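Peer 1: Just one file: start.txt, with compact mmCIF, C-alpha atoms.
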```txt
# COMPACT_ATOMS: atom_id res chain seq x y z
CA MET A 1496 128.06 -58.31 283.47
CA TRP A 1497 130.34 -59.26 286.40
CA LYS A 1498 129.80 -55.81 287.82
CA TRP A 1499 126.05 -56.40 287.68
CA PHE A 1500 126.40 -59.76 289.48
CA HIS A 1501 128.70 -58.24 292.04
CA GLN A 1502 126.22 -55.43 292.66
CA LEU A 1503 123.30 -57.88 292.89
CA ALA A 1504 125.14 -59.87 295.55
CA SER A 1505 125.50 -56.78 297.71
CA PRO A 1506 122.96 -57.15 300.57
CA PRO A 1507 121.76 -53.48 300.64
CA HIS A 1508 121.34 -53.43 296.85
CA PHE A 1509 119.45 -56.73 296.89
CA TYR A 1510 117.24 -55.51 299.75
CA ARG A 1511 116.29 -52.41 297.75
CA ILE A 1512 115.55 -54.06 294.39
CA ALA A 1513 113.90 -57.32 295.58
CA PRO A 1514 110.34 -55.92 296.05
CA ALA A 1515 110.15 -54.66 292.44
CA PHE A 1516 111.47 -57.96 291.01
CA SER A 1517 109.11 -59.87 293.29
CA THR A 1518 106.08 -57.97 291.94
CA TRP A 1519 107.19 -58.56 288.33
CA LEU A 1520 107.22 -62.29 289.06
CA LEU A 1521 104.07 -62.37 291.17
CA LEU A 1522 101.62 -60.67 288.78
CA PRO A 1523 102.30 -62.76 285.63
CA GLY A 1524 102.54 -65.81 287.90
CA LEU A 1525 99.04 -65.24 289.28
CA ALA A 1526 97.69 -64.58 285.76
CA LEU A 1527 99.18 -67.84 284.46
CA ILE A 1528 97.82 -69.80 287.44
CA ALA A 1529 94.34 -68.26 286.96
CA TYR A 1530 94.37 -69.40 283.31
CA GLY A 1531 95.89 -72.79 284.14
CA VAL A 1532 93.47 -73.57 286.97
CA TYR A 1533 90.33 -72.46 285.10
CA SER A 1534 91.31 -74.22 281.86
CA GLY A 1535 92.53 -77.30 283.70
CA LEU A 1536 89.33 -77.65 285.70
CA PHE A 1537 86.69 -76.68 283.15
CA LEU A 1538 88.07 -76.54 279.57
CA ALA A 1539 90.59 -79.37 279.24
CA PRO A 1540 89.09 -82.57 277.81
CA MET A 1541 88.53 -85.48 280.19
CA ASP A 1542 91.15 -88.23 280.20
CA TYR A 1543 89.87 -91.41 278.52
CA GLN A 1544 91.31 -93.66 281.26
CA GLN A 1545 91.25 -91.55 284.44
CA GLY A 1546 88.16 -89.42 283.79
CA ASP A 1547 88.13 -86.09 285.64
CA ALA A 1548 90.51 -87.40 288.33
CA PHE A 1549 93.38 -86.60 285.96
CA ARG A 1550 92.78 -82.86 286.67
CA ILE A 1551 94.79 -83.32 289.87
CA ILE A 1552 97.80 -83.21 287.51
CA TYR A 1553 97.42 -79.40 287.35
CA ILE A 1554 98.48 -79.16 291.01
CA HIS A 1555 100.53 -82.32 291.43
CA VAL A 1556 103.03 -81.83 288.59
CA PRO A 1557 103.86 -78.13 289.27
CA SER A 1558 104.36 -78.84 292.99
CA ALA A 1559 106.46 -81.97 292.32
CA TYR A 1560 108.59 -80.01 289.83
CA LEU A 1561 109.09 -77.20 292.35
CA SER A 1562 109.96 -79.66 295.11
CA LEU A 1563 112.96 -80.75 293.03
CA MET A 1564 113.85 -77.32 291.66
CA ALA A 1565 113.78 -75.75 295.14
CA TYR A 1566 116.14 -78.44 296.41
CA MET A 1567 118.56 -77.78 293.55
CA ILE A 1568 118.44 -74.07 294.43
CA VAL A 1569 119.23 -74.93 298.07
CA ALA A 1570 122.16 -77.14 297.02
CA VAL A 1571 123.58 -74.89 294.28
CA ALA A 1572 123.23 -71.71 296.36
CA GLY A 1573 124.78 -73.51 299.33
CA GLY A 1574 127.65 -74.67 297.10
CA ILE A 1575 128.19 -71.13 295.76
CA GLY A 1576 128.18 -69.85 299.35
CA LEU A 1577 130.79 -72.45 300.32
CA ILE A 1578 133.10 -71.88 297.36
CA TRP A 1579 132.85 -68.10 296.84
CA ARG A 1580 131.81 -67.21 300.42
CA MET A 1581 128.92 -65.19 299.07
CA LYS A 1582 126.62 -64.20 301.96
CA LEU A 1583 123.62 -63.68 299.70
CA ALA A 1584 123.90 -67.25 298.35
CA HIS A 1585 123.58 -68.72 301.86
CA ALA A 1586 120.56 -66.47 302.47
CA VAL A 1587 118.96 -67.79 299.25
CA ALA A 1588 119.62 -71.40 300.29
CA ALA A 1589 118.17 -70.90 303.77
CA SER A 1590 115.08 -69.19 302.30
CA ALA A 1591 114.42 -71.76 299.57
CA ALA A 1592 114.34 -74.76 301.93
CA PRO A 1593 111.03 -74.07 303.74
CA LEU A 1594 109.35 -73.24 300.42
CA GLY A 1595 110.67 -76.47 298.93
CA ALA A 1596 109.38 -78.42 301.92
CA TRP A 1597 105.89 -76.96 301.43
CA PHE A 1598 105.83 -77.89 297.74
CA THR A 1599 107.16 -81.38 298.53
CA PHE A 1600 104.34 -81.80 301.06
CA LEU A 1601 101.85 -80.62 298.41
CA ALA A 1602 103.27 -83.05 295.81
CA LEU A 1603 103.07 -85.96 298.28
CA ALA A 1604 99.56 -85.06 299.49
CA THR A 1605 98.09 -84.55 296.00
CA GLY A 1606 99.85 -87.68 294.75
CA SER A 1607 98.37 -89.68 297.60
CA ILE A 1608 94.87 -88.27 296.99
CA TRP A 1609 95.23 -89.02 293.26
CA GLY A 1610 96.47 -92.54 293.99
CA ARG A 1611 93.42 -93.52 296.03
CA PRO A 1612 90.91 -93.62 293.12
CA MET A 1613 93.46 -94.62 290.46
CA TRP A 1614 95.62 -97.23 292.21
CA GLY A 1615 93.22 -98.16 295.03
CA THR A 1616 95.67 -97.05 297.73
CA TRP A 1617 96.67 -93.82 299.48
CA TRP A 1618 100.29 -94.92 299.81
CA GLU A 1619 102.61 -97.70 298.64
CA TRP A 1620 105.71 -98.15 300.78
CA ALA A 1621 107.56 -100.14 298.12
CA ASP A 1622 107.08 -97.55 295.36
CA PRO A 1623 110.42 -95.89 294.47
CA ARG A 1624 108.94 -92.54 293.32
CA MET A 1625 106.81 -92.10 296.43
CA MET A 1626 109.57 -93.16 298.81
CA SER A 1627 112.28 -91.01 297.21
CA GLU A 1628 109.94 -87.99 297.28
CA LEU A 1629 109.24 -88.70 300.98
CA ILE A 1630 113.00 -88.89 301.60
CA LEU A 1631 113.28 -85.51 299.83
CA LEU A 1632 110.87 -84.09 302.43
CA PHE A 1633 113.08 -85.56 305.18
CA PHE A 1634 116.14 -83.93 303.58
CA TYR A 1635 114.35 -80.57 303.77
CA PHE A 1636 113.42 -81.22 307.42
CA GLY A 1637 116.99 -82.31 308.17
CA TYR A 1638 118.38 -79.20 306.48
CA MET A 1639 116.10 -76.87 308.45
CA ALA A 1640 116.65 -78.75 311.75
CA LEU A 1641 120.43 -78.55 311.27
CA ARG A 1642 120.27 -74.81 310.64
CA ALA A 1643 118.04 -74.31 313.68
CA ALA A 1644 120.37 -76.37 315.89
CA ILE A 1645 123.47 -74.24 315.19
CA ASP A 1646 123.49 -70.74 316.68
CA ASP A 1647 126.49 -69.48 314.72
CA THR A 1648 125.09 -68.47 311.30
CA ALA A 1649 128.39 -69.01 309.46
CA LYS A 1650 128.74 -72.54 310.85
CA ALA A 1651 125.06 -73.28 310.14
CA ASP A 1652 125.56 -72.09 306.54
CA LYS A 1653 128.53 -74.41 305.99
CA ALA A 1654 127.07 -77.52 307.65
CA SER A 1655 123.68 -77.17 305.99
CA ALA A 1656 125.25 -76.54 302.56
CA LEU A 1657 127.20 -79.80 302.86
CA LEU A 1658 124.03 -81.69 303.80
CA ALA A 1659 122.16 -80.12 300.88
CA LEU A 1660 124.90 -81.18 298.44
CA VAL A 1661 124.71 -84.79 299.69
CA GLY A 1662 120.94 -84.74 299.14
CA VAL A 1663 121.33 -83.98 295.42
CA VAL A 1664 121.80 -87.74 294.94
CA ASN A 1665 118.22 -88.21 296.12
CA VAL A 1666 116.93 -85.58 293.67
CA ILE A 1667 118.46 -87.59 290.83
CA ILE A 1668 116.84 -90.75 292.25
CA VAL A 1669 113.42 -89.02 292.44
CA HIS A 1670 113.71 -87.90 288.82
CA TYR A 1671 114.80 -91.22 287.33
CA SER A 1672 112.98 -93.57 289.74
CA VAL A 1673 110.15 -94.24 287.29
CA GLU A 1674 112.65 -95.28 284.61
CA TRP A 1675 115.07 -97.27 286.76
CA TRP A 1676 112.55 -99.31 288.73
CA SER A 1677 109.05 -100.72 288.32
CA SER A 1678 106.66 -98.14 289.81
CA LEU A 1679 102.95 -97.56 290.22
CA HIS A 1680 103.71 -93.99 289.20
CA GLN A 1681 103.36 -93.17 285.51
CA GLY A 1682 106.44 -92.30 283.44
CA GLN A 1683 107.43 -88.95 281.95
CA THR A 1684 104.49 -87.16 280.30
CA ILE A 1685 105.77 -83.74 279.22
CA MET A 1686 109.42 -84.74 278.66
CA ALA A 1687 108.44 -88.05 277.04
CA GLU A 1688 110.52 -89.32 274.13
CA GLY A 1689 109.10 -87.96 270.88
CA GLY A 1690 107.40 -84.95 272.55
CA PRO A 1691 104.68 -84.48 275.16
CA ALA A 1692 102.25 -87.42 275.38
CA MET A 1693 99.26 -85.13 275.99
CA ASP A 1694 96.50 -83.46 274.03
CA PRO A 1695 97.32 -79.72 273.58
CA GLY A 1696 94.04 -78.85 275.36
CA MET A 1697 95.41 -80.66 278.44
CA LEU A 1698 99.03 -79.62 277.96
CA TYR A 1699 98.74 -75.82 277.72
CA PRO A 1700 96.98 -75.35 281.10
CA LEU A 1701 99.60 -77.66 282.65
CA LEU A 1702 102.48 -75.64 281.19
CA ALA A 1703 100.74 -72.43 282.35
CA ASN A 1704 100.50 -73.79 285.88
CA ILE A 1705 104.11 -75.01 285.89
CA PHE A 1706 105.37 -71.56 284.79
CA GLY A 1707 102.85 -69.78 287.04
CA PHE A 1708 103.83 -71.77 290.13
CA THR A 1709 107.50 -71.21 289.28
CA LEU A 1710 107.03 -67.43 289.05
CA LEU A 1711 105.07 -67.43 292.30
CA PHE A 1712 107.81 -69.47 293.93
CA GLY A 1713 110.37 -66.96 292.62
CA SER A 1714 108.41 -64.10 294.10
CA LEU A 1715 108.12 -65.81 297.49
CA LEU A 1716 111.82 -66.75 297.41
CA LEU A 1717 112.92 -63.18 296.66
CA ARG A 1718 110.88 -61.80 299.55
CA ARG A 1719 111.94 -64.56 301.98
CA THR A 1720 115.58 -63.94 301.04
CA ARG A 1721 115.10 -60.21 301.52
CA THR A 1722 113.90 -60.80 305.09
CA GLU A 1723 116.77 -63.23 305.70
CA VAL A 1724 119.24 -60.59 304.44
CA LEU A 1725 117.71 -57.99 306.76
CA PHE A 1726 118.01 -60.33 309.76
CA ARG A 1727 121.61 -61.30 308.97
CA GLU A 1728 122.61 -57.67 308.41
CA ARG A 1729 120.73 -56.32 311.43
CA ARG A 1730 123.88 -54.98 313.09
CA THR A 1731 125.27 -53.24 310.00
CA ARG A 1732 125.41 -49.53 309.29
CA TRP A 1733 123.18 -49.65 306.18
CA VAL A 1734 120.32 -51.28 308.13
CA LYS A 1735 120.66 -48.69 310.88
CA GLU A 1736 120.64 -45.85 308.35
CA MET A 1737 117.63 -47.32 306.54
CA ILE A 1738 115.62 -47.71 309.77
CA LEU A 1739 116.46 -44.19 310.94
CA ALA A 1740 115.79 -42.61 307.54
CA PRO A 1741 112.67 -40.40 307.66
CA GLU A 1742 110.89 -42.38 304.92
CA GLY A 1743 111.89 -45.77 306.56
CA GLN A 1744 111.81 -48.42 303.81
CA SER A 1745 110.20 -51.57 305.24
CA MET B 1018 76.72 -78.97 289.50
CA GLU B 1019 77.91 -81.53 287.00
CA SER B 1020 81.27 -79.82 286.59
CA LEU B 1021 81.66 -79.65 290.37
CA ALA B 1022 81.01 -83.39 290.70
CA MET B 1023 83.94 -84.12 288.33
CA GLY B 1024 82.43 -87.42 287.23
CA GLY B 1025 82.40 -88.75 290.80
CA TYR B 1026 85.98 -87.64 291.54
CA GLY B 1027 84.96 -84.20 292.88
CA ALA B 1028 86.09 -84.86 296.48
CA TYR B 1029 89.60 -85.83 295.30
CA VAL B 1030 89.99 -83.06 292.71
CA TRP B 1031 88.63 -80.20 294.85
CA THR B 1032 90.60 -81.32 297.92
CA CYS B 1033 93.82 -81.07 295.89
CA PHE B 1034 93.02 -77.62 294.47
CA GLY B 1035 91.88 -76.43 297.93
CA LEU B 1036 95.05 -77.75 299.53
CA ALA B 1037 97.17 -75.91 296.94
CA ALA B 1038 95.29 -72.66 297.65
CA VAL B 1039 95.85 -73.12 301.41
CA VAL B 1040 99.58 -73.81 300.94
CA LEU B 1041 100.04 -70.74 298.71
CA ILE B 1042 98.07 -68.48 301.09
CA ILE B 1043 100.02 -69.75 304.14
CA ASN B 1044 103.32 -69.06 302.36
CA GLU B 1045 102.26 -65.58 301.25
CA TRP B 1046 101.11 -64.78 304.79
CA ARG B 1047 104.29 -66.18 306.38
CA VAL B 1048 106.52 -64.11 304.08
CA ARG B 1049 104.71 -60.88 304.97
CA ALA B 1050 104.44 -61.66 308.71
CA ARG B 1051 108.14 -62.57 309.01
CA GLN B 1052 109.28 -59.42 307.17
CA GLU B 1053 107.11 -57.26 309.42
CA ALA B 1054 108.29 -59.02 312.60
CA VAL B 1055 112.01 -58.84 311.72
CA TYR B 1056 111.79 -55.21 310.64
CA LYS B 1057 109.88 -54.26 313.80
CA GLU B 1058 112.33 -56.09 316.08
CA ILE B 1059 115.34 -54.35 314.48
CA GLU B 1060 113.57 -50.98 314.50
CA VAL B 1061 112.77 -51.24 318.24
CA ARG B 1062 116.37 -52.25 319.07
CA ILE B 1063 117.98 -49.52 316.97
CA LYS B 1064 115.64 -46.78 318.24
CA ALA B 1065 116.21 -47.89 321.86
CA LEU B 1066 119.98 -47.68 321.29
CA GLU B 1067 119.61 -44.24 319.71
CA ASP B 1068 117.49 -42.98 322.63
CA SER B 1069 119.96 -44.25 325.22
CA ALA B 1070 122.95 -42.71 323.38
```
Step by step, read the file and then write its structure as structure tokens.
Peer 2:
Amino acid sequence: MWKWFHQLASPPHFYRIAPAFSTWLLLPGLALIAYGVYSGLFLAPMDYQQGDAFRIIYIHVPSAYLSLMAYMIVAVAGGIGLIWRMKLAHAVAASAAPLGAWFTFLALATGSIWGRPMWGTWWEWADPRMMSELILLFFYFGYMALRAAIDDTAKADKASALLALVGVVNVIIVHYSVEWWSSLHQGQTIMAEGGPAMDPGMLYPLLANIFGFTLLFGSLLLRRTRTEVLFRERRTRWVKEMILAPEGQS
Amino acid sequence: MESLAMGGYGAYVWTCFGLAAVVLIINEWRVRARQEAVYKEIEVRIKALEDSA
């Protein structure tokens, strides 16, 4: 087991195996999203309070979930990189941040668009869920700006990992904001006490989209990390040998 | 047409699904473009070094 982990953390080994793993995640991910989107849009019953506007949930919830999960990946991978000095972990953290920022943007945008017909406003500055999610986006921007501002990769890895770990507090606030404070945002739906508070016809497409988006995210993260590994290792012997090999693996 | 109208919420619902498609396509394109650019840059540098050696 440890040998397998050790081997996986080796940059040349990771570079070679990442495309295959990425495809295994991408194809089922796309299939799940195709089912989730079609069923969510056309087969799921209409919500008795929100009408068809509730169908925005099929984009909003998966992207909001990924915005938090991606941040935890950035923080945990950064922490692993700091403690065990694993180069691959820092590459994962650096690659997950831009993806997380995109999904945070998508969660904020779809939430705002959903809020207009349901709450009568695009944005509410005093709402704890909206504000903590916006702060999450700023944490991503701060993380990426910090990395970009430091030329030395090793120093950038350390400083950005520390920032990411501090930001975990905000992830906890985003998650519990609807329970701790009064919010326009609805409470937990899938993880509600006593089981999901949704009709199965609505729930299954949502679960499909959550898993589908997660697999797609995994595929994108693997390929982004692979490129990051290649860039970081550009002066090493294995990269030189790979480039000069007759079959040249891109 | 009725299913496209989404009971009057069509503009909101379709904008969200469209936005998601755009975000996913941009990310897929960026991943491929960056890999190609980094690989090309390293390839040019290494081959130039080999030629000058």
Peer 1: Between B:Met1018, B:Ala1054, B:Ala1028, B:Val1048, single out the one closest to chain A, counting only C-alpha atoms.
Peer 2: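 Using only C-alpha atoms, chain A sits closest to B:Val1048.
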Peer 1: Within 7 Å of chain A, which residues of chain B show up? Give each one with its shortest atom-to-atom distance in Å (one decimal) and the two atoms involved, counting only C-alpha atoms, rows by chain then rising residue number, as a tab-separated table.
Peer 2:
```
residue	atom	partner	partner_atom	distance
B:Met1023	CA	A:Asp1547	CA	5.4
B:Gly1024	CA	A:Asp1547	CA	6.1
B:Tyr1026	CA	A:Ala1548	CA	5.6
B:Tyr1029	CA	A:Ile1608	CA	6.0
B:Val1030	CA	A:Ile1551	CA	5.6
B:Cys1033	CA	A:Thr1605	CA	5.5
B:Phe1034	CA	A:Ile1554	CA	6.6
B:Ala1037	CA	A:Leu1601	CA	6.8
B:Glu1045	CA	A:Leu1715	CA	7.0
B:Val1048	CA	A:Arg1719	CA	5.8
B:Gln1052	CA	A:Thr1722	CA	5.3
B:Val1055	CA	A:Phe1726	CA	6.5
B:Tyr1056	CA	A:Ser1745	CA	6.7
B:Ile1059	CA	A:Arg1729	CA	6.5
B:Glu1060	CA	A:Ile1738	CA	6.1
B:Ile1063	CA	A:Lys1735	CA	6.7
```
Peer 1: Work out how far apart atom CA of Pro1700 of chain A and atom CA of Gly1615 of chain A are and give it in Å to one decimal.
Peer 2: 27.0 Å
Peer 1: May I ask for the distance between atom CA of Ala1592 of chain A and atom CA of Ala1656 of chain A, given in Å to one decimal place?
Peer 2: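 Atom-to-atom, atom CA of Ala1592 of chain A to atom CA of Ala1656 of chain A, that is 11.1 Å.
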Peer 1: Mind checking which residues fall within 10 Å of segment 1646-1649 of chain A, counting all atoms listed in the file, ignoring those fewer than 6 positions away in the same chain, and posting them as a ChimeraX atom specification?
Peer 2: /A:1580,1582,1585,1727
Peer 1: Figure out the distance between atom CA of Ala1596 of chain A and atom CA of Val1724 of chain A, please, to one decimal in Å.
Peer 2: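 These two atoms are separated by 20.5 Å.
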Peer 1: With distances taken over all atoms listed in the file, which of A:Leu1632, A:Val1666, A:Ala1640, A:Ala1621 is nearest to Ala1570 of chain A?
Peer 2: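 Once distances to Ala1570 of chain A are computed over all atoms listed in the file, the minimum belongs to A:Val1666.
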Peer 1: May I have the centre and edge lengths, in Å to one decimal, of an axis-aligned box around the listed atoms of segment 1041-1057 of chain B with 6 Å added to every side, as JSON?
Peer 2:
```
{"center_x": 105.0, "center_y": -62.5, "center_z": 306.3, "size_x": 25.9, "size_y": 28.5, "size_z": 27.1}
```
Peer 1: Would you mind telling me which residue in A:Ala1740, A:Val1673, A:Leu1701, A:Ala1572 lies nearest to Pro1623 of chain A when using all atoms listed in the file?
Peer 2: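 The shortest atom-to-atom distance to Pro1623 of chain A comes from A:Val1673.
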Peer 1: I'd like to know which of A:Val1571, A:Leu1629, A:Ala1643, A:Ala1703 is closest to Ala1659 of chain A, using all atoms listed in the file.
Peer 2: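 The closest residue to Ala1659 of chain A is A:Val1571.
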Peer 1: Mind checking which residues fall within 10 Å of Gly1524 of chain A, counting all atoms listed in the file, ignoring those fewer than 2 positions away in the same chain, and posting them as a PyMOL selection string?
Peer 2: chain A and resi 1518-1522+1526-1529+1703-1714
Peer 1: For Leu1702 of chain A, which residue out of A:Ser1505, A:Ser1534, A:Ser1517, A:Thr1731 is the nearest one, using only C-alpha atoms?
Peer 2: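 For Leu1702 of chain A, the nearest of the candidates is A:Ser1534.
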Peer 1: Quick one: segment 1023-1040 of chain B with N, CA and C atoms, as a compact mmCIF listing (two decimals), in the coordinates of the input?
Peer 2:
```txt
# COMPACT_ATOMS: atom_id res chain seq x y z
N MET B 1023 82.75 -83.56 288.98
CA MET B 1023 83.94 -84.12 288.33
C MET B 1023 83.80 -85.62 288.08
N GLY B 1024 82.65 -86.00 287.59
CA GLY B 1024 82.43 -87.42 287.23
C GLY B 1024 82.60 -88.37 288.41
N GLY B 1025 82.28 -87.89 289.61
CA GLY B 1025 82.40 -88.75 290.80
C GLY B 1025 83.73 -88.59 291.52
N TYR B 1026 84.66 -87.84 290.92
CA TYR B 1026 85.98 -87.64 291.54
C TYR B 1026 86.10 -86.27 292.22
N GLY B 1027 84.97 -85.57 292.36
CA GLY B 1027 84.96 -84.20 292.88
C GLY B 1027 85.70 -84.05 294.21
N ALA B 1028 85.46 -84.97 295.14
CA ALA B 1028 86.09 -84.86 296.48
C ALA B 1028 87.61 -84.88 296.35
N TYR B 1029 88.14 -85.73 295.47
CA TYR B 1029 89.60 -85.83 295.30
C TYR B 1029 90.16 -84.58 294.61
N VAL B 1030 89.49 -84.19 293.52
CA VAL B 1030 89.99 -83.06 292.71
C VAL B 1030 89.93 -81.76 293.52
N TRP B 1031 88.78 -81.48 294.13
CA TRP B 1031 88.63 -80.20 294.85
C TRP B 1031 89.51 -80.14 296.10
N THR B 1032 89.71 -81.31 296.75
CA THR B 1032 90.60 -81.32 297.92
C THR B 1032 92.01 -80.90 297.51
N CYS B 1033 92.47 -81.41 296.35
CA CYS B 1033 93.82 -81.07 295.89
C CYS B 1033 93.94 -79.58 295.55
N PHE B 1034 92.96 -79.05 294.83
CA PHE B 1034 93.02 -77.62 294.47
C PHE B 1034 92.89 -76.75 295.74
N GLY B 1035 92.05 -77.17 296.67
CA GLY B 1035 91.88 -76.43 297.93
C GLY B 1035 93.16 -76.44 298.74
N LEU B 1036 93.80 -77.60 298.78
CA LEU B 1036 95.05 -77.75 299.53
C LEU B 1036 96.13 -76.83 298.94
N ALA B 1037 96.18 -76.78 297.61
CA ALA B 1037 97.17 -75.91 296.94
C ALA B 1037 96.90 -74.45 297.32
N ALA B 1038 95.62 -74.05 297.30
CA ALA B 1038 95.29 -72.66 297.65
C ALA B 1038 95.73 -72.37 299.09
N VAL B 1039 95.47 -73.31 300.00
CA VAL B 1039 95.85 -73.12 301.41
C VAL B 1039 97.37 -72.98 301.54
N VAL B 1040 98.11 -73.85 300.87
CA VAL B 1040 99.58 -73.81 300.94
C VAL B 1040 100.11 -72.47 300.41
```
